[in-house]
$ cat my_file.cif   # mmCIF, C-alpha atoms
data_my_file
#
loop_
_atom_site.label_atom_id
_atom_site.label_comp_id
_atom_site.auth_asym_id
_atom_site.auth_seq_id
_atom_site.Cartn_x
_atom_site.Cartn_y
_atom_site.Cartn_z
CA MET A 1 -7.98 2.56 -20.63
CA THR A 2 -11.24 1.19 -21.98
CA ASP A 3 -13.62 -0.87 -19.82
CA ASP A 4 -12.67 -4.02 -21.76
CA GLU A 5 -8.97 -3.42 -21.14
CA ILE A 6 -9.64 -2.88 -17.46
CA ASP A 7 -11.69 -6.08 -17.28
CA ALA A 8 -8.81 -7.97 -18.91
CA LEU A 9 -6.35 -6.48 -16.41
CA ARG A 10 -8.60 -7.47 -13.49
CA ARG A 11 -8.95 -11.01 -14.80
CA ARG A 12 -5.19 -11.28 -15.06
CA LEU A 13 -4.64 -9.92 -11.55
CA ALA A 14 -7.29 -12.23 -10.13
CA HIS A 15 -4.49 -14.84 -10.05
CA LEU A 16 -2.68 -12.90 -7.34
CA PRO A 17 -2.65 -14.84 -4.09
CA GLU A 18 -4.66 -13.70 -1.09
CA VAL A 19 -2.62 -11.80 1.46
CA GLY A 20 -3.73 -12.20 5.04
CA VAL A 21 -3.11 -10.04 8.08
CA ALA A 22 -1.38 -11.95 10.85
CA ALA A 23 -3.95 -12.71 13.56
CA GLU A 24 -1.83 -11.10 16.28
CA LEU A 25 -1.41 -7.89 14.28
CA ALA A 26 -5.08 -7.74 13.29
CA ASP A 27 -6.10 -8.19 16.92
CA ARG A 28 -3.60 -5.64 18.29
CA VAL A 29 -4.40 -2.97 15.68
CA GLY A 30 -8.13 -3.58 15.97
CA ARG A 31 -8.04 -3.14 19.75
CA GLY A 32 -5.73 -0.09 19.61
CA ALA A 33 -7.80 1.64 16.95
CA LEU A 34 -11.02 0.93 18.81
CA GLU A 35 -9.50 2.41 21.94
CA ALA A 36 -8.51 5.53 19.98
CA PHE A 37 -12.02 5.64 18.48
CA ASP A 38 -13.38 5.71 22.03
CA GLY A 39 -11.11 8.66 22.79
CA GLY A 40 -8.27 6.71 24.40
CA ALA A 41 -4.53 7.29 24.00
CA PRO A 42 -2.82 6.02 20.84
CA PRO A 43 -0.88 2.76 21.18
CA ALA A 44 2.75 3.17 22.14
CA ALA A 45 4.07 1.69 18.88
CA SER A 46 2.86 4.64 16.81
CA TRP A 47 4.66 7.08 19.12
CA ALA A 48 7.80 4.99 18.87
CA ARG A 49 7.66 5.27 15.09
CA ARG A 50 7.34 9.07 15.23
CA LEU A 51 10.28 9.29 17.58
CA ALA A 52 12.27 7.14 15.16
CA MET A 53 12.01 9.79 12.43
CA PRO A 54 14.21 12.48 14.07
CA VAL A 55 16.59 9.70 15.08
CA ALA A 56 16.74 8.57 11.44
CA LEU A 57 17.44 12.14 10.32
CA ALA A 58 20.21 12.47 12.88
CA GLY A 59 21.62 9.19 11.56
CA THR A 60 21.53 10.53 8.01
CA ALA A 61 23.31 13.74 9.04
CA GLY A 62 25.89 11.67 10.91
CA ALA A 63 26.47 9.40 7.93
CA PHE A 64 26.91 12.42 5.64
CA LEU A 65 29.36 14.06 8.07
CA SER A 66 31.35 10.86 8.31
CA TRP A 67 31.44 10.57 4.51
CA ALA A 68 32.49 14.25 4.18
CA VAL A 69 35.33 13.74 6.68
CA SER A 70 36.65 10.63 4.92
CA PHE A 71 36.29 12.35 1.54
CA SER A 72 38.29 15.37 2.79
CA ALA A 73 40.87 13.04 4.27
CA ALA A 74 41.24 11.31 0.91
CA LEU A 75 41.65 14.64 -0.90
CA TYR A 76 44.02 16.18 1.63
CA PRO A 77 45.92 13.32 3.21
CA VAL B 1 -21.89 7.14 -6.20
CA VAL B 2 -21.65 6.04 -2.59
CA GLU B 3 -23.84 3.09 -1.64
CA ALA B 4 -26.66 3.68 0.85
CA SER B 5 -25.26 1.02 3.21
CA ASP B 6 -21.92 2.89 3.30
CA LEU B 7 -23.69 6.18 4.01
CA ALA B 8 -25.53 4.55 6.92
CA LEU B 9 -22.22 3.16 8.18
CA THR B 10 -20.64 6.62 8.02
CA THR B 11 -23.54 8.06 10.01
CA ARG B 12 -23.05 5.40 12.69
CA LEU B 13 -19.29 6.04 12.76
CA LYS B 14 -19.94 9.75 13.26
CA ARG B 15 -22.19 8.91 16.18
CA GLY B 16 -19.33 6.99 17.74
CA GLU B 17 -20.84 3.50 17.47
CA ARG B 18 -18.15 0.92 18.25
CA ALA B 19 -19.98 -1.76 16.28
CA ALA B 20 -19.79 0.42 13.16
CA PHE B 21 -16.03 0.83 13.58
CA GLN B 22 -15.62 -2.91 14.03
CA GLU B 23 -17.73 -3.53 10.92
CA VAL B 24 -15.54 -1.19 8.83
CA TYR B 25 -12.40 -2.82 10.22
CA GLU B 26 -13.63 -6.32 9.40
CA ARG B 27 -14.70 -5.29 5.93
CA PHE B 28 -11.51 -3.54 4.87
CA ARG B 29 -8.62 -4.82 6.98
CA THR B 30 -7.44 -7.58 4.62
CA ARG B 31 -7.69 -5.40 1.51
CA VAL B 32 -5.88 -2.50 3.16
CA TYR B 33 -3.10 -4.74 4.48
CA ALA B 34 -2.55 -6.41 1.09
CA PHE B 35 -2.50 -2.99 -0.60
CA LEU B 36 0.12 -1.68 1.84
CA LEU B 37 2.24 -4.83 1.65
CA ARG B 38 2.32 -4.74 -2.13
CA LEU B 39 3.02 -1.00 -2.15
CA SER B 40 5.82 -1.13 0.40
CA GLY B 41 7.24 -4.57 -0.30
CA ARG B 42 8.04 -5.11 3.37
CA ARG B 43 6.02 -6.72 6.12
CA ASP B 44 7.41 -4.54 8.94
CA THR B 45 6.59 -1.37 7.00
CA ALA B 46 3.16 -2.65 6.02
CA ASP B 47 2.46 -3.50 9.69
CA ASP B 48 3.31 0.07 10.79
CA LEU B 49 1.37 1.75 7.99
CA PHE B 50 -1.61 -0.54 8.59
CA GLN B 51 -1.73 0.57 12.21
CA GLU B 52 -1.41 4.25 11.30
CA THR B 53 -4.20 3.98 8.73
CA TRP B 54 -6.67 2.60 11.26
CA LEU B 55 -5.65 5.07 13.92
CA LYS B 56 -6.36 7.88 11.45
CA LEU B 57 -9.85 6.52 10.85
CA ALA B 58 -10.38 6.17 14.61
CA ARG B 59 -9.39 9.80 15.20
CA HIS B 60 -11.26 11.30 12.23
CA ALA B 61 -14.38 9.14 12.20
CA ARG B 62 -16.57 11.69 13.97
CA ARG B 63 -15.52 14.42 11.51
CA LEU B 64 -16.22 12.49 8.30
CA ARG B 65 -18.53 14.18 5.81
CA ASP B 66 -21.99 12.62 5.51
CA ASP B 67 -21.36 11.62 1.89
CA THR B 68 -17.90 10.13 2.50
CA ASP B 69 -16.97 7.23 0.26
CA LEU B 70 -15.52 5.04 3.01
CA ALA B 71 -13.50 2.71 0.79
CA ALA B 72 -11.93 5.60 -1.09
CA TRP B 73 -11.27 7.49 2.17
CA ILE B 74 -9.50 4.55 3.80
CA PHE B 75 -7.39 3.76 0.73
CA THR B 76 -6.48 7.45 0.38
CA VAL B 77 -5.21 7.45 3.96
CA ALA B 78 -3.29 4.20 3.42
CA ARG B 79 -1.74 5.52 0.22
CA ASN B 80 -0.78 8.83 1.88
CA GLU B 81 0.77 6.97 4.81
CA PHE B 82 2.91 5.03 2.35
CA ARG B 83 3.94 8.19 0.46
CA SER B 84 4.84 9.91 3.69
CA HIS B 85 6.83 6.87 4.85
CA ARG B 86 8.64 6.76 1.52
CA ARG B 87 9.62 10.44 1.77
CA TRP B 88 11.12 9.82 5.21
CA ALA B 89 12.83 6.65 4.07
CA LEU B 90 14.45 8.49 1.15
CA LEU B 91 15.91 11.01 3.62
CA ASP B 92 17.38 8.19 5.63
CA LEU B 93 20.49 6.86 3.87
CA SER B 94 20.50 3.70 5.94
CA ARG B 95 17.09 2.75 4.52
CA LEU B 96 17.94 3.34 0.87
CA VAL B 97 19.45 -0.08 0.65
CA VAL B 98 16.31 -1.56 2.16
CA LEU B 99 14.14 0.14 -0.48
CA GLU B 100 16.38 -1.17 -3.23
CA GLU B 101 16.07 -4.66 -1.82
CA ALA B 102 12.28 -4.56 -1.60
CA ALA B 103 11.60 -6.41 -4.86
CA PRO B 104 12.09 -9.98 -3.55
CA TYR B 105 9.07 -9.46 -1.29
CA ALA B 106 7.10 -11.57 -3.74
CA ARG B 107 8.57 -14.59 -1.96
CA LEU B 108 6.64 -13.57 1.16
CA LEU B 109 3.37 -13.37 -0.67
CA VAL B 110 3.18 -16.58 -2.57
CA ASP B 111 2.10 -19.58 -0.59
CA ALA B 112 3.98 -22.69 -1.62
CA GLU B 113 0.78 -24.76 -1.47
CA GLY B 114 -1.34 -25.59 -4.46
CA ASP B 115 -0.79 -26.47 -8.08
CA ALA B 116 2.82 -25.78 -9.09
CA ASP B 117 1.86 -23.97 -12.30
CA ALA B 118 -0.59 -21.73 -10.44
CA VAL B 119 2.02 -20.93 -7.78
CA ARG B 120 4.56 -20.14 -10.50
CA ALA B 121 2.08 -17.87 -12.32
CA ALA B 122 1.17 -16.09 -9.08
CA ARG B 123 4.81 -15.62 -8.18
CA ARG B 124 5.54 -14.23 -11.65
CA LEU B 125 2.68 -11.77 -11.26
CA GLU B 126 3.94 -10.62 -7.84
CA VAL B 127 7.49 -10.22 -9.10
CA ALA B 128 6.27 -8.21 -12.11
CA LEU B 129 4.18 -5.99 -9.82
CA ALA B 130 7.13 -5.49 -7.48
CA ALA B 131 9.28 -4.41 -10.41
CA LEU B 132 6.95 -1.49 -11.27
CA SER B 133 7.65 2.05 -10.13
CA PRO B 134 5.65 2.94 -6.98
CA GLU B 135 3.27 5.22 -8.94
CA HIS B 136 2.58 2.56 -11.54
CA ARG B 137 2.18 -0.17 -8.92
CA GLU B 138 -0.27 2.02 -7.02
CA ALA B 139 -2.35 2.63 -10.18
CA ILE B 140 -2.48 -1.07 -11.05
CA LEU B 141 -3.38 -2.06 -7.49
CA LEU B 142 -6.17 0.51 -7.15
CA VAL B 143 -7.89 -0.30 -10.43
CA GLY B 144 -6.83 -3.86 -11.20
CA VAL B 145 -6.90 -5.40 -7.73
CA GLU B 146 -9.12 -3.17 -5.58
CA GLY B 147 -11.66 -2.56 -8.32
CA PHE B 148 -11.90 1.23 -8.04
CA ASP B 149 -13.05 2.96 -11.20
CA GLN B 150 -10.57 5.36 -12.75
CA ASP B 151 -12.34 8.45 -11.32
CA ARG B 152 -12.11 7.26 -7.74
CA ALA B 153 -8.61 5.86 -8.20
CA ALA B 154 -7.48 9.26 -9.52
CA GLU B 155 -8.88 10.91 -6.40
CA ILE B 156 -7.13 8.41 -4.15
CA ALA B 157 -3.85 8.91 -6.02
CA GLY B 158 -4.29 12.69 -5.77
CA VAL B 159 -4.09 13.39 -9.51
CA ARG B 160 -6.48 14.57 -12.23
CA TYR B 161 -8.50 11.96 -14.12
CA ASP B 162 -6.63 12.46 -17.41
CA ALA B 163 -3.25 12.21 -15.72
CA PHE B 164 -4.32 9.05 -13.91
CA ARG B 165 -5.68 7.47 -17.11
CA LYS B 166 -2.32 8.01 -18.82
CA ARG B 167 -0.47 6.72 -15.77
CA LEU B 168 -2.59 3.57 -15.79
CA GLU B 169 -1.89 3.03 -19.50
CA ARG B 170 1.85 3.31 -18.90
CA ALA B 171 1.58 1.09 -15.83
CA ARG B 172 -0.17 -1.65 -17.79
CA ALA B 173 2.47 -1.48 -20.53
CA GLU B 174 5.21 -1.67 -17.88
CA LEU B 175 3.48 -4.64 -16.25
CA ASP B 176 3.25 -6.43 -19.62
CA ARG B 177 6.97 -5.86 -20.22
CA ALA B 178 7.85 -7.06 -16.72
CA LEU B 179 5.73 -10.20 -17.20
CA SER B 180 7.35 -10.93 -20.56
CA ARG B 181 10.82 -10.57 -19.02
CA SER B 182 9.84 -12.80 -16.13
CA GLU B 183 8.33 -15.43 -18.47
CA ALA B 184 11.48 -15.40 -20.59
CA LEU B 185 13.66 -15.81 -17.48
CA GLY B 186 11.42 -18.65 -16.20
CA ALA B 187 11.60 -20.46 -19.55
CA SER B 188 15.37 -20.13 -19.68
CA ALA B 189 15.69 -21.39 -16.07
CA ARG B 190 13.51 -24.41 -16.89
CA ARG B 191 15.62 -25.17 -19.98
CA GLY B 192 18.73 -24.93 -17.80
CA ALA B 193 17.28 -27.36 -15.26
CA THR B 194 16.56 -30.04 -17.88
#

$ encode --input "my_file.cif" --output "structure tokens"
Amino acid sequence: MTDDEIDALRRRLAHLPEVGVAAELADRVGRGALEAFDGGAPPAASWARRLAMPVALAGTAGAFLSWAVSFSAALYP
Amino acid sequence: VVEASDLALTTRLKRGERAAFQEVYERFRTRVYAFLLRLSGRRDTADDLFQETWLKLARHARRLRDDTDLAAWIFTVARNEFRSHRRWALLDLSRLVVLEEAAPYARLLVDAEGDADAVRAARRLEVALAALSPEHREAILLVGVEGFDQDRAAEIAGVRYDAFRKRLERARAELDRALSRSEALGASARRGAT
């Protein structure tokens, strides 16, 4: 895109509303990150999210298994 | 070209100065959060990714290169966090529905205060943005909202300059189409209301 086209795009998008960070979130993340910056342990929430990933995968496998069983049951009643 | 003030800030971050970290956080937190919210379309996801982005900076700050472009570095991390989240979400069948339902997030973003026409225009813009593919939305946000030039935006998006330029062209065309559709829908709704 040319510079003029980009300027026009930016002018158009300037009408987007401001999006704020909730004060509680900004404070919590700021403190947690600063603690990690100082060499502290990461906040618990981030570990919880990592643990959620294998759980999500297990859920996916379970859902697929359940679908496969019902599909087989429909084919071979 | 990285500004001298940013280079000085990077040097202070590498030395482990808390005040430098706080300064970077204050300067970029709102922009990064808005970027993640518009990319993901969900507040809970944006909250998580926002936290992960800042933890990454906290952990890597002392290993940054002297000539690091801080803004580009932070937005690259935020963008990669979103991509990684999206890959996981696509593996999780239970979240597919959530991804499909992400478009109405524009309702969250537009404050009901202010001139009705301005609110309507802002809402239309958010809805059009939300309707773009993630790659196109990312390109529009990086260049059109965050003000990165196409070179830096290409680096953040992890693609070559030429590829990014073409992506941005297609993204703008898609945005124009989405806005036209939304304007047509708005006009027909107003006619229906009268």

$ closest_residue --input "my_file.cif" --among "B:Asp69, B:Glu17, B:Glu183, B:Asp6" --to "chain A" --atoms "only C-alpha atoms"
B:Glu17

$ resolve_selection --input "my_file.cif" --expression "the PyMOL selection byres ((chain B) within 6 of (chain A))" --output "number ranges by chain"
B: 30, 34, 51, 54-55, 58-59, 92-93, 122, 144

$ closest_residue --input "my_file.cif" --among "B:Leu64, B:Ala72, B:Ala121, B:Leu49" --to "B:Thr10" --atoms "only C-alpha atoms"
B:Leu64

$ atom_distance --input "my_file.cif" --atom1 "atom CA of B:Ala178" --atom2 "atom CA of B:Arg120"
14.9 Å

$ resolve_selection --input "my_file.cif" --expression "the PyMOL selection byres ((chain B and resi 174) around 9)" --output "list in words"
Ala128, Ala131, Leu132, Ser133, His136, Glu169, Arg170, Ala171, Arg172, Ala173, Leu175, Asp176, Arg177, Ala178 and Leu179 of chain B

$ atom_distance --input "my_file.cif" --atom1 "atom CA of B:Arg160" --atom2 "atom CA of B:Val32"
23.0 Å

$ closest_residue --input "my_file.cif" --among "B:Val159, B:Ala71, B:Leu57, B:Leu168" --to "B:Leu141" --atoms "all atoms listed in the file"
B:Leu168

$ atom_distance --input "my_file.cif" --atom1 "atom CA of B:Ala89" --atom2 "atom CA of B:Leu70"
28.4 Å

$ resolve_selection --input "my_file.cif" --expression "the PyMOL selection byres ((chain B and resi 78) around 10)" --output "mmCIF file with C-alpha atoms, in the frame of the given file"
data_model
loop_
_atom_site.group_PDB
_atom_site.id
_atom_site.type_symbol
_atom_site.label_atom_id
_atom_site.label_comp_id
_atom_site.auth_asym_id
_atom_site.auth_seq_id
_atom_site.Cartn_x
_atom_site.Cartn_y
_atom_site.Cartn_z
ATOM 1 C CA VAL B 32 -5.880 -2.500 3.160
ATOM 2 C CA TYR B 33 -3.100 -4.740 4.480
ATOM 3 C CA PHE B 35 -2.500 -2.990 -0.600
ATOM 4 C CA LEU B 36 0.120 -1.680 1.840
ATOM 5 C CA LEU B 39 3.020 -1.000 -2.150
ATOM 6 C CA ALA B 46 3.160 -2.650 6.020
ATOM 7 C CA LEU B 49 1.370 1.750 7.990
ATOM 8 C CA PHE B 50 -1.610 -0.540 8.590
ATOM 9 C CA GLN B 51 -1.730 0.570 12.210
ATOM 10 C CA GLU B 52 -1.410 4.250 11.300
ATOM 11 C CA THR B 53 -4.200 3.980 8.730
ATOM 12 C CA TRP B 54 -6.670 2.600 11.260
ATOM 13 C CA LYS B 56 -6.360 7.880 11.450
ATOM 14 C CA ALA B 72 -11.930 5.600 -1.090
ATOM 15 C CA TRP B 73 -11.270 7.490 2.170
ATOM 16 C CA ILE B 74 -9.500 4.550 3.800
ATOM 17 C CA PHE B 75 -7.390 3.760 0.730
ATOM 18 C CA THR B 76 -6.480 7.450 0.380
ATOM 19 C CA VAL B 77 -5.210 7.450 3.960
ATOM 20 C CA ARG B 79 -1.740 5.520 0.220
ATOM 21 C CA ASN B 80 -0.780 8.830 1.880
ATOM 22 C CA GLU B 81 0.770 6.970 4.810
ATOM 23 C CA PHE B 82 2.910 5.030 2.350
ATOM 24 C CA ARG B 83 3.940 8.190 0.460
ATOM 25 C CA SER B 84 4.840 9.910 3.690
ATOM 26 C CA ILE B 156 -7.130 8.410 -4.150
#
